[in-house]
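Single-structure report; data block below.
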Amino acid sequence: NAKMLLSMRPYSNENLDDIMVEALKQSFDGYPTAEALRAAKNIEDMDDPLSRDVLLLAFQHGDDVVRAAVAENVARSPQAAARAALQKALSDPSPRIRSAVAEAWLSLPEVGKDAIVFLGPLLKDEDRNVQLKAAESLVKLHHPAGVRYLQAIASWPGSSQEQRRVAVMMLESFRQKPEYQREFLELMRDPDKNIRIRGIVYAGEFDNPLALDYLTQIVVIDSDEAVREEAVLALSKKPYSLRVYKAMTENAGSPNPRIRLAVMQALVHFNNPAATPYLLHALKDLPVEVRIEAVNGLGKLKPREAVASLERVVLRDENPLVRWEAAKVLGDWQGRSHLVKFLVGAAVERPRPRQERIAALSLIPKL
């Protein structure tokens, strides 16, 4: 077998070399696929001229599976014959071979800037998987042609969902390059909501005025609630601007509690006194998280008109966590002694409702 013949290499002479090459050639020609793959595996790690000759023979096997399996090892060979065989295989009738060669091209000892000359035509291959593999190789070489192609695939409605997903994943490392960001933002127009969400995540990372345009539009026009939620979350992490603030407040009354929570988090982050009415209104929201966020926001802004509302929360909110959060905010804001005085007074005051007196008594030991 191939491994046994090659083990004789240190003791052979040129005549024996010829005999071995001829024997291996005949073996590969006659081997079924499984045996040929096993023979190729035995020699692929042997780095000597004869091994490379044998792999080149395997690259001429009648089965596409064998040829595709050895393509990368053939590409590592410094021999001119290996490069010529790969170039010829770029136009092979089998898409499996064209795809394997497009991937193996990166293993050439000297890839060079001429990669686009050979891989470029594969970007228009009749097989979409071959196109993607050629683009992936060009992207790894940081060639603009590969990046542009993947962006086109990612945003083209005619691509399958899987193709767009693969293209987007390949493009990950390019998203912070300003010259490519517009194409990433275009993902927010994709018919697939998961790809739109991916575009929104990118837009949240971009320090780019155009990203705000896309996000503020999608918050209003997208028909999918999960997509709008992601857009609100992305906007909530942006620096304060009138446009972002307007987009947030317009969604403060959203029927989606997660969107309302994201809006409250953004308003707290912005630290803008104009948000006080929205925070006061959120003190009556149903989700506990929204009420707690509103309490913390008011504690940060410290508007005078919020004191009475926070005192009501301390005594009347049905959730002990919200009551305790409001009590802490009032204590930090007005001083602990003032808070204790308020709670003691509420505990003994009549005819205050019994439930409020109990709520006040339950908080005093925690202080």
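Order determines the names: the first chain of the structure tokens is A, the second B, and so forth; residues in each chain are numbered 1 upward, and ligands are numbered 1 upward as they are shown.
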Give the helix (DSSP H, G or I) residues of segment 129-239 of chain A, as DSSP finds them on the backbone, and put them as a PyMOL selection string. chain A and resi 129-140+144-155+161-170+172-174+178-189+193-205+209-221+225-236
What lies within 12 Å of Asn319 of chain A using only C-alpha atoms, ignoring chain neighbours under 6 positions off, as a PDB file with N, CA and C atoms, in the first residue's frame?
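Just written: selection-v9.pdb:
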```pdb
ATOM      1  N   LEU A 283     -44.662  54.363  37.364  1.00  0.00           N
ATOM      2  CA  LEU A 283     -44.776  53.856  38.732  1.00  0.00           C
ATOM      3  C   LEU A 283     -46.025  52.993  38.909  1.00  0.00           C
ATOM      4  N   LYS A 284     -46.975  53.120  37.981  1.00  0.00           N
ATOM      5  CA  LYS A 284     -48.221  52.350  38.054  1.00  0.00           C
ATOM      6  C   LYS A 284     -48.241  51.201  37.045  1.00  0.00           C
ATOM      7  N   LEU A 286     -47.651  47.553  35.310  1.00  0.00           N
ATOM      8  CA  LEU A 286     -47.862  46.220  35.883  1.00  0.00           C
ATOM      9  C   LEU A 286     -46.558  45.471  36.177  1.00  0.00           C
ATOM     10  N   PRO A 287     -45.602  45.358  35.234  1.00  0.00           N
ATOM     11  CA  PRO A 287     -44.377  44.607  35.522  1.00  0.00           C
ATOM     12  C   PRO A 287     -43.552  45.263  36.627  1.00  0.00           C
ATOM     13  N   VAL A 288     -43.124  44.445  37.568  1.00  0.00           N
ATOM     14  CA  VAL A 288     -42.325  44.937  38.699  1.00  0.00           C
ATOM     15  C   VAL A 288     -41.050  45.617  38.207  1.00  0.00           C
ATOM     16  N   GLU A 289     -40.411  45.015  37.180  1.00  0.00           N
ATOM     17  CA  GLU A 289     -39.140  45.557  36.698  1.00  0.00           C
ATOM     18  C   GLU A 289     -39.297  46.980  36.168  1.00  0.00           C
ATOM     19  N   ARG A 291     -41.561  49.205  37.167  1.00  0.00           N
ATOM     20  CA  ARG A 291     -41.776  50.110  38.297  1.00  0.00           C
ATOM     21  C   ARG A 291     -40.457  50.393  39.022  1.00  0.00           C
ATOM     22  N   ILE A 292     -39.652  49.342  39.212  1.00  0.00           N
ATOM     23  CA  ILE A 292     -38.359  49.540  39.891  1.00  0.00           C
ATOM     24  C   ILE A 292     -37.460  50.463  39.069  1.00  0.00           C
ATOM     25  N   VAL A 313     -45.693  55.000  46.725  1.00  0.00           N
ATOM     26  CA  VAL A 313     -45.165  53.689  46.344  1.00  0.00           C
ATOM     27  C   VAL A 313     -44.687  52.935  47.584  1.00  0.00           C
ATOM     28  N   GLU A 325     -37.282  49.455  47.306  1.00  0.00           N
ATOM     29  CA  GLU A 325     -36.491  50.270  46.369  1.00  0.00           C
ATOM     30  C   GLU A 325     -36.870  51.742  46.517  1.00  0.00           C
ATOM     31  N   ALA A 326     -38.177  52.016  46.591  1.00  0.00           N
ATOM     32  CA  ALA A 326     -38.635  53.401  46.746  1.00  0.00           C
ATOM     33  C   ALA A 326     -38.166  53.984  48.074  1.00  0.00           C
ATOM     34  N   ALA A 359     -47.286  48.160  55.894  1.00  0.00           N
ATOM     35  CA  ALA A 359     -46.182  48.335  54.946  1.00  0.00           C
ATOM     36  C   ALA A 359     -45.096  49.227  55.565  1.00  0.00           C
TER      37      ALA A 359
END
```
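With only C-alpha atoms as the atoms that count, the residue of A:Ala134, A:Ala203, A:Val290, A:Leu141 with the shortest distance to Leu267 of chain A is A:Val290.
Residue nearest Leu106 of chain A, chosen from A:Ile153, A:Ala247, A:Ala360, A:Ala135 and counting only C-alpha atoms: A:Ala135.
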Kindly provide the residues of segment 279-301 of chain A that approach segment 333-357 of chain A to within 12 Å, each paired with its closest atom pair and their distance in Å to one decimal, based on only C-alpha atoms, listed by chain and increasing number, as a Markdown table.
```
| residue | atom | partner | partner_atom | distance |
| --- | --- | --- | --- | --- |
| A:Val295 | CA | A:Trp333 | CA | 11.9 |
| A:Asn296 | CA | A:Trp333 | CA | 11.1 |
| A:Leu298 | CA | A:Trp333 | CA | 10.1 |
| A:Gly299 | CA | A:Trp333 | CA | 6.9 |
| A:Lys300 | CA | A:Trp333 | CA | 8.9 |
| A:Leu301 | CA | A:Trp333 | CA | 10.1 |
```
Pick out the residues sitting within 12 Å of Gly158 of chain A, and hand them over as a PDB file with all heavy atoms, in the first residue's frame; count only C-alpha atoms, and ignore anything fewer than 4 positions along from it in its own chain.
```pdb
ATOM      1  N   ARG A 128     -24.475  28.083  -5.958  1.00  0.00           N
ATOM      2  CA  ARG A 128     -24.365  29.116  -4.936  1.00  0.00           C
ATOM      3  C   ARG A 128     -23.371  28.743  -3.829  1.00  0.00           C
ATOM      4  O   ARG A 128     -22.697  29.613  -3.273  1.00  0.00           O
ATOM      5  CB  ARG A 128     -25.759  29.378  -4.341  1.00  0.00           C
ATOM      6  CG  ARG A 128     -25.816  30.501  -3.305  1.00  0.00           C
ATOM      7  CD  ARG A 128     -25.242  31.814  -3.824  1.00  0.00           C
ATOM      8  NE  ARG A 128     -25.914  32.303  -4.993  1.00  0.00           N
ATOM      9  CZ  ARG A 128     -27.048  33.021  -4.971  1.00  0.00           C
ATOM     10  NH1 ARG A 128     -27.626  33.302  -3.840  1.00  0.00           N
ATOM     11  NH2 ARG A 128     -27.586  33.452  -6.091  1.00  0.00           N
ATOM     12  N   ALA A 152     -23.876  41.301  -0.681  1.00  0.00           N
ATOM     13  CA  ALA A 152     -24.971  41.163  -1.643  1.00  0.00           C
ATOM     14  C   ALA A 152     -25.820  39.930  -1.323  1.00  0.00           C
ATOM     15  O   ALA A 152     -27.047  39.976  -1.356  1.00  0.00           O
ATOM     16  CB  ALA A 152     -24.424  41.074  -3.062  1.00  0.00           C
ATOM     17  N   ILE A 153     -25.155  38.820  -0.988  1.00  0.00           N
ATOM     18  CA  ILE A 153     -25.875  37.595  -0.642  1.00  0.00           C
ATOM     19  C   ILE A 153     -26.712  37.812   0.618  1.00  0.00           C
ATOM     20  O   ILE A 153     -27.853  37.370   0.734  1.00  0.00           O
ATOM     21  CB  ILE A 153     -24.884  36.430  -0.428  1.00  0.00           C
ATOM     22  CG1 ILE A 153     -24.288  35.994  -1.769  1.00  0.00           C
ATOM     23  CG2 ILE A 153     -25.566  35.245   0.240  1.00  0.00           C
ATOM     24  CD1 ILE A 153     -25.293  35.405  -2.725  1.00  0.00           C
ATOM     25  N   ALA A 154     -26.113  38.510   1.589  1.00  0.00           N
ATOM     26  CA  ALA A 154     -26.790  38.700   2.874  1.00  0.00           C
ATOM     27  C   ALA A 154     -28.048  39.549   2.743  1.00  0.00           C
ATOM     28  O   ALA A 154     -28.989  39.406   3.519  1.00  0.00           O
ATOM     29  CB  ALA A 154     -25.833  39.337   3.874  1.00  0.00           C
ATOM     30  N   GLU A 162     -30.563  30.103   4.761  1.00  0.00           N
ATOM     31  CA  GLU A 162     -29.291  29.534   5.187  1.00  0.00           C
ATOM     32  C   GLU A 162     -28.120  30.261   4.532  1.00  0.00           C
ATOM     33  O   GLU A 162     -27.100  30.524   5.177  1.00  0.00           O
ATOM     34  CB  GLU A 162     -29.253  28.038   4.849  1.00  0.00           C
ATOM     35  CG  GLU A 162     -27.945  27.344   5.207  1.00  0.00           C
ATOM     36  CD  GLU A 162     -27.647  27.350   6.700  1.00  0.00           C
ATOM     37  OE1 GLU A 162     -28.555  27.636   7.502  1.00  0.00           O
ATOM     38  OE2 GLU A 162     -26.486  27.088   7.036  1.00  0.00           O
ATOM     39  N   GLN A 163     -28.246  30.600   3.262  1.00  0.00           N
ATOM     40  CA  GLN A 163     -27.169  31.316   2.573  1.00  0.00           C
ATOM     41  C   GLN A 163     -26.958  32.700   3.184  1.00  0.00           C
ATOM     42  O   GLN A 163     -25.825  33.138   3.380  1.00  0.00           O
ATOM     43  CB  GLN A 163     -27.493  31.437   1.087  1.00  0.00           C
ATOM     44  CG  GLN A 163     -27.352  30.128   0.327  1.00  0.00           C
ATOM     45  CD  GLN A 163     -28.028  30.156  -1.022  1.00  0.00           C
ATOM     46  OE1 GLN A 163     -28.839  31.031  -1.318  1.00  0.00           O
ATOM     47  NE2 GLN A 163     -27.704  29.182  -1.868  1.00  0.00           N
ATOM     48  N   ARG A 164     -28.070  33.379   3.491  1.00  0.00           N
ATOM     49  CA  ARG A 164     -27.920  34.697   4.111  1.00  0.00           C
ATOM     50  C   ARG A 164     -27.293  34.572   5.498  1.00  0.00           C
ATOM     51  O   ARG A 164     -26.456  35.389   5.892  1.00  0.00           O
ATOM     52  CB  ARG A 164     -29.280  35.397   4.191  1.00  0.00           C
ATOM     53  CG  ARG A 164     -29.851  35.760   2.832  1.00  0.00           C
ATOM     54  CD  ARG A 164     -30.914  36.848   2.931  1.00  0.00           C
ATOM     55  NE  ARG A 164     -32.030  36.479   3.761  1.00  0.00           N
ATOM     56  CZ  ARG A 164     -33.080  35.776   3.355  1.00  0.00           C
ATOM     57  NH1 ARG A 164     -33.144  35.349   2.099  1.00  0.00           N
ATOM     58  NH2 ARG A 164     -34.079  35.476   4.175  1.00  0.00           N
ATOM     59  N   ASP A 190     -34.170  43.147   5.516  1.00  0.00           N
ATOM     60  CA  ASP A 190     -34.302  41.768   5.061  1.00  0.00           C
ATOM     61  C   ASP A 190     -35.684  41.219   5.411  1.00  0.00           C
ATOM     62  O   ASP A 190     -36.254  41.552   6.455  1.00  0.00           O
ATOM     63  CB  ASP A 190     -33.225  40.894   5.713  1.00  0.00           C
ATOM     64  CG  ASP A 190     -33.078  39.553   5.031  1.00  0.00           C
ATOM     65  OD1 ASP A 190     -33.828  38.617   5.376  1.00  0.00           O
ATOM     66  OD2 ASP A 190     -32.236  39.451   4.129  1.00  0.00           O
ATOM     67  N   PRO A 191     -36.279  40.376   4.541  1.00  0.00           N
ATOM     68  CA  PRO A 191     -37.580  39.784   4.872  1.00  0.00           C
ATOM     69  C   PRO A 191     -37.533  38.833   6.059  1.00  0.00           C
ATOM     70  O   PRO A 191     -38.547  38.601   6.709  1.00  0.00           O
ATOM     71  CB  PRO A 191     -37.971  39.049   3.578  1.00  0.00           C
ATOM     72  CG  PRO A 191     -36.705  38.885   2.813  1.00  0.00           C
ATOM     73  CD  PRO A 191     -35.834  40.041   3.173  1.00  0.00           C
ATOM     74  N   ASP A 192     -36.362  38.280   6.354  1.00  0.00           N
ATOM     75  CA  ASP A 192     -36.228  37.364   7.486  1.00  0.00           C
ATOM     76  C   ASP A 192     -36.007  38.166   8.769  1.00  0.00           C
ATOM     77  O   ASP A 192     -35.055  38.916   8.881  1.00  0.00           O
ATOM     78  CB  ASP A 192     -35.051  36.419   7.245  1.00  0.00           C
ATOM     79  CG  ASP A 192     -34.944  35.339   8.314  1.00  0.00           C
ATOM     80  OD1 ASP A 192     -34.863  35.702   9.493  1.00  0.00           O
ATOM     81  OD2 ASP A 192     -34.942  34.150   7.970  1.00  0.00           O
TER      82      ASP A 192
END
```
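The space separating atom CA of Asp317 of chain A from atom CA of Pro273 of chain A comes to 24.0 Å.
Considering only C-alpha atoms, the residue among A:Phe118, A:Tyr278, A:Trp105, A:Tyr214 positioned nearest to Ala252 of chain A is A:Tyr278.
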Excluding Pro239 of chain A and any residue of its chain fewer than 3 positions from it, enumerate the residues within 9 Å of it, using only C-alpha atoms, and give them as an MDAnalysis selection string. chainID A and resid 235:236 244 269:270
